[in-house]
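Printed here is structure26.pdb (PDB, C-alpha atoms and all ligand atoms):
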ATOM      1  CA  MET A 782     134.018  67.418  88.814
ATOM      2  CA  GLN A 783     131.059  66.507  91.009
ATOM      3  CA  CYS A 784     133.328  66.557  94.061
ATOM      4  CA  PHE A 785     134.477  70.045  93.237
ATOM      5  CA  ILE A 786     130.915  71.305  93.103
ATOM      6  CA  ILE A 787     130.047  69.800  96.499
ATOM      7  CA  LEU A 788     133.135  71.393  98.057
ATOM      8  CA  THR A 789     132.170  74.767  96.675
ATOM      9  CA  VAL A 790     128.673  74.503  98.115
ATOM     10  CA  ASN A 791     130.058  73.522 101.530
ATOM     11  CA  ASN A 792     132.480  76.437 101.538
ATOM     12  CA  TYR A 793     129.654  78.764 100.662
ATOM     13  CA  LYS A 794     127.553  77.493 103.567
ATOM     14  CA  LEU A 795     130.465  77.908 105.994
ATOM     15  CA  LYS A 796     130.996  81.441 104.804
ATOM     16  CA  THR A 797     127.385  82.509 105.246
ATOM     17  CA  LYS A 798     127.275  80.982 108.750
ATOM     18  CA  LYS A 799     130.352  82.888 109.899
ATOM     19  CA  ILE A 800     129.976  85.326 112.795
ATOM     20  CA  MET A 801     130.288  88.938 111.773
ATOM     21  CA  LYS A 802     131.955  91.540 113.930
ATOM     22  CA  THR A 803     129.877  94.668 114.115
ATOM     23  CA  LEU A 804     130.413  98.083 115.589
ATOM     24  CA  HIS A 805     127.595 100.539 116.085
ATOM     25  CA  CYS A 806     128.924 104.046 115.668
ATOM     26  CA  SER A 807     126.439 105.317 118.265
ATOM     27  CA  ASP A 808     128.132 103.036 120.849
ATOM     28  CA  ALA A 809     131.327 105.021 120.325
ATOM     29  CA  GLY A 810     129.497 108.152 121.433
ATOM     30  CA  PHE A 811     128.526 109.587 118.067
ATOM     31  CA  ASP A 812     125.012 110.633 117.112
ATOM     32  CA  CYS A 813     125.221 108.372 114.092
ATOM     33  CA  LYS A 814     123.320 105.363 112.785
ATOM     34  CA  ALA A 815     126.243 103.819 110.925
ATOM     35  CA  VAL A 816     127.030 100.168 111.618
ATOM     36  CA  ILE A 817     130.383  98.708 110.582
ATOM     37  CA  HIS A 818     130.525  95.036 109.628
ATOM     38  CA  ALA A 819     133.734  93.069 109.170
ATOM     39  CA  ASP A 820     135.250  89.611 109.624
ATOM     40  CA  THR A 821     137.852  90.561 112.228
ATOM     41  CA  ASP A 822     138.373  93.123 115.002
ATOM     42  CA  GLU A 823     141.280  94.592 113.040
ATOM     43  CA  GLU A 824     139.107  95.109 109.981
ATOM     44  CA  VAL A 825     136.396  96.748 112.106
ATOM     45  CA  LEU A 826     139.004  99.107 113.552
ATOM     46  CA  THR A 827     140.327  99.958 110.095
ATOM     47  CA  GLN A 828     136.847 100.719 108.812
ATOM     48  CA  ALA A 829     135.966 102.622 111.993
ATOM     49  CA  ALA A 830     139.064 104.798 111.631
ATOM     50  CA  ASP A 831     138.090 105.490 108.024
ATOM     51  CA  HIS A 832     134.511 106.268 109.010
ATOM     52  CA  ALA A 833     135.557 108.553 111.887
ATOM     53  CA  ARG A 834     137.857 110.482 109.570
ATOM     54  CA  THR A 835     135.568 110.845 106.561
ATOM     55  CA  VAL A 836     132.199 111.216 108.323
ATOM     56  CA  HIS A 837     133.042 112.747 111.686
ATOM     57  CA  GLY A 838     136.290 114.543 110.871
ATOM     58  CA  THR A 839     138.059 112.864 113.814
ATOM     59  CA  SER A 840     141.079 110.629 113.804
ATOM     60  CA  VAL A 841     141.115 107.497 115.943
ATOM     61  CA  THR A 842     143.834 107.626 118.602
ATOM     62  CA  PRO A 843     145.342 104.406 120.012
ATOM     63  CA  GLU A 844     143.292 105.036 123.187
ATOM     64  CA  MET A 845     140.111 105.322 121.130
ATOM     65  CA  ALA A 846     141.005 102.161 119.228
ATOM     66  CA  GLU A 847     141.294 100.279 122.535
ATOM     67  CA  GLN A 848     137.878 101.574 123.589
ATOM     68  CA  ILE A 849     136.341 100.723 120.221
ATOM     69  CA  LYS A 850     137.589  97.139 120.569
ATOM     70  CA  THR A 851     135.451  96.716 123.695
ATOM     71  CA  LEU A 852     132.391  97.930 121.759
ATOM     72  CA  ILE A 853     132.642  95.370 118.970
ATOM     73  CA  ARG A 854     129.771  92.903 119.019
ATOM     74  CA  GLU A 855     129.569  89.465 117.446
ATOM     75  CA  GLU A 856     126.454  88.897 115.390
TER      76      GLU A 856
HETATM   77 ZN    ZN B   1     129.466 107.479 112.527
END
Would you put the structure from the file into structure tokens?
Amino acid sequence: MQCFIILTVNNYKLKTKKIMKTLHCSDAGFDCKAVIHADTDEEVLTQAADHARTVHGTSVTPEMAEQIKTLIREE
């Protein structure tokens, strides 16, 4: 039981230390303060596509997706 608790704490620490992928919407050329955070590039792209559609009324083309990938920062 004690072992289990220690493992849980270690996993928690690893999780909080993990690098987050972030995308600043303004970097994609929008006058927008939104910042997208996700664990992976793919997840950032998914959220960015969602954001572009719902907030900016634009759909993300494959060309845009490629460009967005270069704008993703690791924080
Ligand atoms: Zn935006």
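Using only C-alpha atoms and all ligand atoms for every distance, the candidate list A:Val836, A:Ala819, A:Leu804, A:Met845 yields A:Val836 as the residue closest to ligand ZN 1 (chain B).
Comparing the minimum interatomic distances between ligand ZN 1 (chain B) and each of A:Val825, A:Val841, A:Ala815, A:Ala830, counting only C-alpha atoms and all ligand atoms, we find that A:Ala815 sits nearest.
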Within 9 Å of ligand ZN 1 (chain B), counting only C-alpha atoms and all ligand atoms, which protein or nucleic acid residues do you find, written as a list in words?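 Residues satisfying the distance criterion: His805, Cys806, Ser807, Ala809, Gly810, Phe811, Asp812, Cys813, Lys814, Ala815, Val816, Ala829, His832, Ala833, Val836 and His837 of chain A.
Nearest residue to Pro843 in chain A among A:Asp808, A:Thr803, A:Thr827, A:Asp820 is A:Thr827, counting all atoms listed in the file.
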Between CA of Thr835 in chain A and CA of Glu823 in chain A, what is the distance in Å, rounded to a tenth?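 Computing the Euclidean distance for CA of Thr835 in chain A and CA of Glu823 in chain A yields 18.4 Å.
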Residue contacts of Glu855 in chain A (7 Å, all atoms listed in the file) excluding same-chain residues fewer than 3 positions away, as a VMD selection string: chain A and resid 800 to 803
Take CA of Asp822 in chain A and CA of Lys850 in chain A and report the distance between them in Å, one decimal. 6.9 Å
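Atom to atom, CA of Arg834 in chain A and CA of Glu856 in chain A stand 25.1 Å apart.
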Nearest to Arg854 in chain A: which of A:Asp831, A:Glu824, A:Ser840, A:His818 is it, counting all atoms listed in the file? A:His818
If the box runs along x, y and z of the file and leaves 3 Å on each side of range 809-817 of chain A, what are its centre and edge lengths in Å, one decimal, as lines of an AutoDock Vina configuration file?
center_x = 127.3
center_y = 104.7
center_z = 116.0
size_x = 14.0
size_y = 17.9
size_z = 16.9
